[in-house]
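The structure appears below as structure tokens.
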Amino acid sequence: MPNAKVLSEKQAIVASLTEKLQNAAAGVLVDYKGITVAEDTQLRSELRKNNVEYAVVKNTLLRFAVDSCGMNELDSLLSGTTSLAICHDDPVAPARVVNDFAKKIEGRFEIKGGFMDGKVMPLDEVMALAAIPPLPVLQAQVLGTMLAPISGLACVLKQIAEKQGAPAEEPAAAE
């Protein structure tokens with residue numbers, strides 16, 4: 001039986017993980033087995049740029065946290081090496097960044113599963129979420145879609161004006 005100090009430290013870690021999971025917009029569980037320190041450093045840098053928290057977690061502590069959040073479906077994924085990537089503001093960021101990194105080092109870094117707004121998502125939904133472009137790209141696409149009709153109209157009017165040429169000047173009236 002662990003002593004009181006160790007037990008209280010573990011309870012504090014579980015409470016912290018529970019709070020993070022409850023407040024997260026989305027998160028991804030990852031099997032990080034086999035990546036090098038350089039690759040891990042590169043991944044963490046990319047995650048920080050996207051405002052994603054990333055940590056290696058003990059399966060038993062994470063199991064207590066997910067159970068207290070009502071995401072018991074994740075229990076089956078908590079075996080082997082596990083790390084957790086969560087984001088509080090962009091629900092797509094953890095899945096997208098982790099998936100992009102997993103593609104770079106194929107086979108040694110895999111997404112186990114994920115959750116969004118307190119609901120567990122199957123792996124295929126996590127992968128579909130990872131395929132969504134970053135928010136600035138989506139905003140640019142929407143803006144481009146909104147501006148397309150206006151741009152098209154401007155081009156048509158310009159072509160009509162060029163086709164008809166400049167209006168002929170009226171002959172000077174005889175005085």
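Just remember, in the structure tokens the first chain shown is A, the second B, etc., residues are 1-based per chain, and ligands are 1-based in the order shown.
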
Would you list the contacts of Met116 in chain A as an mmCIF file with all heavy atoms, in the first residue's frame, taking every protein, DNA or RNA residue within 12 Å and counting only C-alpha atoms, but skipping same-chain residues closer than 3 positions in sequence?
data_model
loop_
_atom_site.group_PDB
_atom_site.id
_atom_site.type_symbol
_atom_site.label_atom_id
_atom_site.label_comp_id
_atom_site.auth_asym_id
_atom_site.auth_seq_id
_atom_site.Cartn_x
_atom_site.Cartn_y
_atom_site.Cartn_z
ATOM 1 N N LEU A 21 -9.461 17.257 -18.838
ATOM 2 C CA LEU A 21 -10.345 16.524 -19.745
ATOM 3 C C LEU A 21 -11.726 17.160 -19.815
ATOM 4 O O LEU A 21 -12.327 17.237 -20.886
ATOM 5 C CB LEU A 21 -10.472 15.063 -19.301
ATOM 6 C CG LEU A 21 -9.225 14.191 -19.459
ATOM 7 C CD1 LEU A 21 -9.453 12.834 -18.812
ATOM 8 C CD2 LEU A 21 -8.828 14.037 -20.898
ATOM 9 N N GLN A 22 -12.234 17.624 -18.690
ATOM 10 C CA GLN A 22 -13.559 18.235 -18.665
ATOM 11 C C GLN A 22 -13.583 19.578 -19.388
ATOM 12 O O GLN A 22 -14.579 19.936 -20.007
ATOM 13 C CB GLN A 22 -14.045 18.413 -17.232
ATOM 14 C CG GLN A 22 -14.410 17.105 -16.561
ATOM 15 C CD GLN A 22 -14.707 17.263 -15.081
ATOM 16 O OE1 GLN A 22 -14.290 18.229 -14.444
ATOM 17 N NE2 GLN A 22 -15.422 16.291 -14.524
ATOM 18 N N ASN A 23 -12.488 20.326 -19.331
ATOM 19 C CA ASN A 23 -12.433 21.651 -19.938
ATOM 20 C C ASN A 23 -11.918 21.644 -21.372
ATOM 21 O O ASN A 23 -11.930 22.673 -22.039
ATOM 22 C CB ASN A 23 -11.561 22.585 -19.095
ATOM 23 C CG ASN A 23 -12.149 22.830 -17.726
ATOM 24 O OD1 ASN A 23 -13.357 22.797 -17.542
ATOM 25 N ND2 ASN A 23 -11.291 23.053 -16.745
ATOM 26 N N ALA A 24 -11.467 20.487 -21.854
ATOM 27 C CA ALA A 24 -10.889 20.411 -23.198
ATOM 28 C C ALA A 24 -11.980 20.390 -24.262
ATOM 29 O O ALA A 24 -13.021 19.766 -24.090
ATOM 30 C CB ALA A 24 -10.021 19.170 -23.321
ATOM 31 N N ALA A 25 -11.718 21.095 -25.361
ATOM 32 C CA ALA A 25 -12.615 21.033 -26.511
ATOM 33 C C ALA A 25 -12.488 19.676 -27.186
ATOM 34 O O ALA A 25 -13.471 19.103 -27.642
ATOM 35 C CB ALA A 25 -12.287 22.145 -27.501
ATOM 36 N N ALA A 26 -11.262 19.168 -27.243
ATOM 37 C CA ALA A 26 -11.011 17.865 -27.856
ATOM 38 C C ALA A 26 -9.675 17.330 -27.388
ATOM 39 O O ALA A 26 -8.820 18.083 -26.915
ATOM 40 C CB ALA A 26 -11.028 17.966 -29.373
ATOM 41 N N GLY A 27 -9.496 16.037 -27.561
ATOM 42 C CA GLY A 27 -8.240 15.413 -27.182
ATOM 43 C C GLY A 27 -8.016 14.136 -27.963
ATOM 44 O O GLY A 27 -8.945 13.557 -28.519
ATOM 45 N N VAL A 28 -6.756 13.712 -27.975
ATOM 46 C CA VAL A 28 -6.360 12.519 -28.711
ATOM 47 C C VAL A 28 -5.434 11.695 -27.823
ATOM 48 O O VAL A 28 -4.525 12.244 -27.191
ATOM 49 C CB VAL A 28 -5.633 12.904 -30.017
ATOM 50 C CG1 VAL A 28 -5.149 11.676 -30.748
ATOM 51 C CG2 VAL A 28 -6.525 13.727 -30.909
ATOM 52 N N LEU A 29 -5.662 10.385 -27.786
ATOM 53 C CA LEU A 29 -4.761 9.460 -27.116
ATOM 54 C C LEU A 29 -3.825 8.870 -28.158
ATOM 55 O O LEU A 29 -4.269 8.477 -29.245
ATOM 56 C CB LEU A 29 -5.545 8.333 -26.441
ATOM 57 C CG LEU A 29 -6.446 8.742 -25.289
ATOM 58 C CD1 LEU A 29 -7.282 7.558 -24.841
ATOM 59 C CD2 LEU A 29 -5.655 9.289 -24.143
ATOM 60 N N MET A 71 -16.141 9.046 -19.566
ATOM 61 C CA MET A 71 -15.674 8.565 -20.871
ATOM 62 C C MET A 71 -15.063 7.170 -20.719
ATOM 63 O O MET A 71 -13.938 6.907 -21.124
ATOM 64 C CB MET A 71 -14.652 9.548 -21.453
ATOM 65 C CG MET A 71 -15.229 10.897 -21.773
ATOM 66 S SD MET A 71 -14.098 11.991 -22.653
ATOM 67 C CE MET A 71 -13.021 12.540 -21.342
ATOM 68 N N ALA A 85 -2.912 14.415 -25.947
ATOM 69 C CA ALA A 85 -2.839 15.750 -26.551
ATOM 70 C C ALA A 85 -4.223 16.361 -26.469
ATOM 71 O O ALA A 85 -5.182 15.791 -26.985
ATOM 72 C CB ALA A 85 -2.387 15.657 -28.004
ATOM 73 N N ILE A 86 -4.335 17.520 -25.781
ATOM 74 C CA ILE A 86 -5.635 18.179 -25.648
ATOM 75 C C ILE A 86 -5.511 19.657 -25.989
ATOM 76 O O ILE A 86 -4.449 20.249 -25.882
ATOM 77 C CB ILE A 86 -6.229 18.030 -24.231
ATOM 78 C CG1 ILE A 86 -5.297 18.622 -23.179
ATOM 79 C CG2 ILE A 86 -6.564 16.597 -23.917
ATOM 80 C CD1 ILE A 86 -5.900 18.678 -21.795
ATOM 81 N N CYS A 87 -6.627 20.220 -26.416
ATOM 82 C CA CYS A 87 -6.685 21.637 -26.740
ATOM 83 C C CYS A 87 -7.989 22.183 -26.191
ATOM 84 O O CYS A 87 -9.022 21.525 -26.235
ATOM 85 C CB CYS A 87 -6.604 21.849 -28.243
ATOM 86 S SG CYS A 87 -6.432 23.579 -28.717
ATOM 87 N N HIS A 88 -7.941 23.401 -25.661
ATOM 88 C CA HIS A 88 -9.114 24.002 -25.045
ATOM 89 C C HIS A 88 -9.897 24.892 -26.000
ATOM 90 O O HIS A 88 -11.062 25.162 -25.759
ATOM 91 C CB HIS A 88 -8.712 24.804 -23.802
ATOM 92 C CG HIS A 88 -8.088 23.948 -22.754
ATOM 93 N ND1 HIS A 88 -8.817 23.105 -21.952
ATOM 94 C CD2 HIS A 88 -6.801 23.786 -22.385
ATOM 95 C CE1 HIS A 88 -8.007 22.469 -21.129
ATOM 96 N NE2 HIS A 88 -6.779 22.853 -21.377
ATOM 97 N N ASP A 89 -9.272 25.351 -27.093
ATOM 98 C CA ASP A 89 -9.963 26.306 -27.965
ATOM 99 C C ASP A 89 -10.223 25.793 -29.386
ATOM 100 O O ASP A 89 -11.222 26.146 -29.982
ATOM 101 C CB ASP A 89 -9.209 27.628 -28.025
ATOM 102 C CG ASP A 89 -7.753 27.464 -28.399
ATOM 103 O OD1 ASP A 89 -7.307 26.333 -28.595
ATOM 104 O OD2 ASP A 89 -7.059 28.495 -28.481
ATOM 105 N N ASP A 90 -9.369 24.955 -29.922
ATOM 106 C CA ASP A 90 -9.539 24.452 -31.289
ATOM 107 C C ASP A 90 -9.721 22.941 -31.244
ATOM 108 O O ASP A 90 -8.768 22.203 -31.014
ATOM 109 C CB ASP A 90 -8.318 24.816 -32.130
ATOM 110 C CG ASP A 90 -8.454 24.425 -33.594
ATOM 111 O OD1 ASP A 90 -9.516 23.904 -33.971
ATOM 112 O OD2 ASP A 90 -7.494 24.654 -34.350
ATOM 113 N N PRO A 91 -10.932 22.440 -31.478
ATOM 114 C CA PRO A 91 -11.159 20.999 -31.362
ATOM 115 C C PRO A 91 -10.474 20.159 -32.438
ATOM 116 O O PRO A 91 -10.322 18.957 -32.283
ATOM 117 C CB PRO A 91 -12.682 20.865 -31.465
ATOM 118 C CG PRO A 91 -13.159 22.114 -32.085
ATOM 119 C CD PRO A 91 -12.159 23.174 -31.781
ATOM 120 N N VAL A 92 -10.036 20.767 -33.504
ATOM 121 C CA VAL A 92 -9.413 20.025 -34.597
ATOM 122 C C VAL A 92 -7.898 19.916 -34.417
ATOM 123 O O VAL A 92 -7.280 18.962 -34.885
ATOM 124 C CB VAL A 92 -9.746 20.710 -35.949
ATOM 125 C CG1 VAL A 92 -9.083 20.006 -37.105
ATOM 126 C CG2 VAL A 92 -11.249 20.769 -36.155
ATOM 127 N N ALA A 93 -7.294 20.861 -33.723
ATOM 128 C CA ALA A 93 -5.839 20.958 -33.636
ATOM 129 C C ALA A 93 -5.149 19.691 -33.124
ATOM 130 O O ALA A 93 -4.179 19.242 -33.748
ATOM 131 C CB ALA A 93 -5.433 22.168 -32.802
ATOM 132 N N PRO A 94 -5.569 19.089 -32.012
ATOM 133 C CA PRO A 94 -4.822 17.906 -31.546
ATOM 134 C C PRO A 94 -4.804 16.778 -32.576
ATOM 135 O O PRO A 94 -3.750 16.206 -32.848
ATOM 136 C CB PRO A 94 -5.568 17.471 -30.279
ATOM 137 C CG PRO A 94 -6.403 18.603 -29.874
ATOM 138 C CD PRO A 94 -6.660 19.415 -31.095
ATOM 139 N N ALA A 95 -5.951 16.473 -33.149
ATOM 140 C CA ALA A 95 -6.021 15.377 -34.121
ATOM 141 C C ALA A 95 -5.210 15.694 -35.364
ATOM 142 O O ALA A 95 -4.493 14.834 -35.886
ATOM 143 C CB ALA A 95 -7.474 15.108 -34.485
ATOM 144 N N GLY A 113 -7.233 6.853 -30.170
ATOM 145 C CA GLY A 113 -8.627 7.276 -30.131
ATOM 146 C C GLY A 113 -8.691 8.718 -29.684
ATOM 147 O O GLY A 113 -7.666 9.375 -29.517
ATOM 148 N N LYS A 119 -17.360 13.600 -25.267
ATOM 149 C CA LYS A 119 -17.893 12.398 -25.915
ATOM 150 C C LYS A 119 -16.764 11.675 -26.651
ATOM 151 O O LYS A 119 -16.011 12.290 -27.396
ATOM 152 C CB LYS A 119 -18.997 12.767 -26.894
ATOM 153 C CG LYS A 119 -20.162 13.470 -26.211
ATOM 154 C CD LYS A 119 -21.436 13.264 -26.942
ATOM 155 C CE LYS A 119 -22.657 13.850 -26.309
ATOM 156 N NZ LYS A 119 -22.567 14.756 -25.250
ATOM 157 N N VAL A 120 -16.686 10.373 -26.446
ATOM 158 C CA VAL A 120 -15.651 9.560 -27.072
ATOM 159 C C VAL A 120 -15.963 9.396 -28.556
ATOM 160 O O VAL A 120 -17.112 9.201 -28.936
ATOM 161 C CB VAL A 120 -15.560 8.185 -26.381
ATOM 162 C CG1 VAL A 120 -14.549 7.287 -27.080
ATOM 163 C CG2 VAL A 120 -15.198 8.356 -24.919
ATOM 164 N N MET A 121 -14.917 9.507 -29.376
ATOM 165 C CA MET A 121 -15.072 9.346 -30.821
ATOM 166 C C MET A 121 -14.306 8.106 -31.279
ATOM 167 O O MET A 121 -13.196 7.867 -30.811
ATOM 168 C CB MET A 121 -14.504 10.557 -31.558
ATOM 169 C CG MET A 121 -15.206 11.852 -31.281
ATOM 170 S SD MET A 121 -14.656 13.243 -32.300
ATOM 171 C CE MET A 121 -12.900 13.124 -32.271
ATOM 172 N N PRO A 122 -14.886 7.350 -32.202
ATOM 173 C CA PRO A 122 -14.142 6.221 -32.775
ATOM 174 C C PRO A 122 -12.957 6.726 -33.590
ATOM 175 O O PRO A 122 -12.915 7.889 -33.996
ATOM 176 C CB PRO A 122 -15.161 5.522 -33.669
ATOM 177 C CG PRO A 122 -16.447 6.229 -33.520
ATOM 178 C CD PRO A 122 -16.230 7.446 -32.695
ATOM 179 N N GLU A 125 -13.604 8.598 -36.873
ATOM 180 C CA GLU A 125 -14.052 9.987 -36.712
ATOM 181 C C GLU A 125 -12.887 10.902 -36.346
ATOM 182 O O GLU A 125 -12.836 12.047 -36.781
ATOM 183 C CB GLU A 125 -15.150 10.078 -35.652
ATOM 184 C CG GLU A 125 -16.474 9.529 -36.106
ATOM 185 C CD GLU A 125 -17.565 9.693 -35.065
ATOM 186 O OE1 GLU A 125 -17.436 10.577 -34.182
ATOM 187 O OE2 GLU A 125 -18.542 8.933 -35.127
ATOM 188 N N VAL A 126 -11.964 10.388 -35.540
ATOM 189 C CA VAL A 126 -10.773 11.178 -35.197
ATOM 190 C C VAL A 126 -9.962 11.457 -36.454
ATOM 191 O O VAL A 126 -9.489 12.575 -36.667
ATOM 192 C CB VAL A 126 -9.909 10.453 -34.137
ATOM 193 C CG1 VAL A 126 -8.611 11.196 -33.890
ATOM 194 C CG2 VAL A 126 -10.674 10.287 -32.839
ATOM 195 N N LEU A 129 -11.674 14.046 -38.512
ATOM 196 C CA LEU A 129 -11.448 15.345 -37.883
ATOM 197 C C LEU A 129 -10.052 15.863 -38.207
ATOM 198 O O LEU A 129 -9.863 17.056 -38.453
ATOM 199 C CB LEU A 129 -11.630 15.216 -36.370
ATOM 200 C CG LEU A 129 -11.667 16.471 -35.540
ATOM 201 C CD1 LEU A 129 -12.896 17.299 -35.896
ATOM 202 C CD2 LEU A 129 -11.685 16.139 -34.063
#

Looking only at the backbone, which of the residues in chain A does DSSP tag as alpha helix (DSSP H), as JSON, numbers by chain?
{"A": [4, 5, 6, 7, 8, 9, 10, 11, 12, 13, 14, 15, 16, 17, 18, 19, 20, 21, 22, 23, 37, 38, 39, 40, 41, 42, 43, 44, 45, 46, 47, 48, 49, 59, 60, 61, 62, 63, 64, 65, 66, 67, 68, 93, 94, 95, 96, 97, 98, 99, 100, 101, 102, 103, 104, 123, 124, 125, 126, 127, 128, 129, 130, 135, 136, 137, 138, 139, 140, 141, 142, 143, 144, 145, 146, 147, 148, 149, 150, 151, 152, 153, 154, 155, 156, 157, 158, 159, 160, 161, 162, 163, 164]}

Residues at most 12 Å from range 136-152 of chain A, counting only C-alpha atoms, excluding those fewer than 4 positions away in the same chain, as a ChimeraX atom specification?
/A:50,90,92-93,131-132,156-159

Store the residues of this selection in a file with N, CA, C and O atoms, as an mmCIF file, in the first residue's frame.
data_model
loop_
_atom_site.group_PDB
_atom_site.id
_atom_site.type_symbol
_atom_site.label_atom_id
_atom_site.label_comp_id
_atom_site.auth_asym_id
_atom_site.auth_seq_id
_atom_site.Cartn_x
_atom_site.Cartn_y
_atom_site.Cartn_z
ATOM 1 N N ASN A 50 0.362 25.242 -31.986
ATOM 2 C CA ASN A 50 -1.077 25.117 -32.203
ATOM 3 C C ASN A 50 -1.872 25.157 -30.901
ATOM 4 O O ASN A 50 -3.048 24.790 -30.890
ATOM 5 N N ASP A 90 -9.369 24.955 -29.922
ATOM 6 C CA ASP A 90 -9.539 24.452 -31.289
ATOM 7 C C ASP A 90 -9.721 22.941 -31.244
ATOM 8 O O ASP A 90 -8.768 22.203 -31.014
ATOM 9 N N VAL A 92 -10.036 20.767 -33.504
ATOM 10 C CA VAL A 92 -9.413 20.025 -34.597
ATOM 11 C C VAL A 92 -7.898 19.916 -34.417
ATOM 12 O O VAL A 92 -7.280 18.962 -34.885
ATOM 13 N N ALA A 93 -7.294 20.861 -33.723
ATOM 14 C CA ALA A 93 -5.839 20.958 -33.636
ATOM 15 C C ALA A 93 -5.149 19.691 -33.124
ATOM 16 O O ALA A 93 -4.179 19.242 -33.748
ATOM 17 N N ALA A 131 -8.463 15.463 -40.867
ATOM 18 C CA ALA A 131 -8.379 15.882 -42.267
ATOM 19 C C ALA A 131 -8.906 17.299 -42.482
ATOM 20 O O ALA A 131 -8.698 17.875 -43.550
ATOM 21 N N ILE A 132 -9.558 17.869 -41.489
ATOM 22 C CA ILE A 132 -10.071 19.232 -41.623
ATOM 23 C C ILE A 132 -8.910 20.215 -41.592
ATOM 24 O O ILE A 132 -8.044 20.133 -40.720
ATOM 25 N N VAL A 156 -17.136 39.981 -65.643
ATOM 26 C CA VAL A 156 -18.096 40.024 -66.755
ATOM 27 C C VAL A 156 -18.346 41.458 -67.188
ATOM 28 O O VAL A 156 -18.351 41.777 -68.384
ATOM 29 N N LEU A 157 -18.548 42.356 -66.249
ATOM 30 C CA LEU A 157 -18.782 43.763 -66.591
ATOM 31 C C LEU A 157 -17.574 44.370 -67.286
ATOM 32 O O LEU A 157 -17.724 45.137 -68.242
ATOM 33 N N LYS A 158 -16.396 44.003 -66.844
ATOM 34 C CA LYS A 158 -15.181 44.518 -67.481
ATOM 35 C C LYS A 158 -15.073 44.007 -68.909
ATOM 36 O O LYS A 158 -14.731 44.760 -69.834
ATOM 37 N N GLN A 159 -15.377 42.729 -69.134
ATOM 38 C CA GLN A 159 -15.319 42.163 -70.483
ATOM 39 C C GLN A 159 -16.353 42.799 -71.401
ATOM 40 O O GLN A 159 -16.072 43.063 -72.572
#

Select from range 61-134 of chain A every residue with an atom at most 10 Å from any atom of range 34-41 of chain A, then for each give the shortest pair of atoms and their distance in Å to one decimal, using only C-alpha atoms, rows by chain and rising number, as JSON lines.
{"residue": "A:Thr81", "atom": "CA", "partner": "A:Gly34", "partner_atom": "CA", "distance": 9.7}
{"residue": "A:Phe101", "atom": "CA", "partner": "A:Glu39", "partner_atom": "CA", "distance": 9.0}
{"residue": "A:Lys104", "atom": "CA", "partner": "A:Glu39", "partner_atom": "CA", "distance": 9.9}
{"residue": "A:Ile105", "atom": "CA", "partner": "A:Ile35", "partner_atom": "CA", "distance": 8.0}
{"residue": "A:Gly107", "atom": "CA", "partner": "A:Gly34", "partner_atom": "CA", "distance": 8.8}
{"residue": "A:Arg108", "atom": "CA", "partner": "A:Gly34", "partner_atom": "CA", "distance": 5.2}
{"residue": "A:Phe109", "atom": "CA", "partner": "A:Ile35", "partner_atom": "CA", "distance": 6.9}
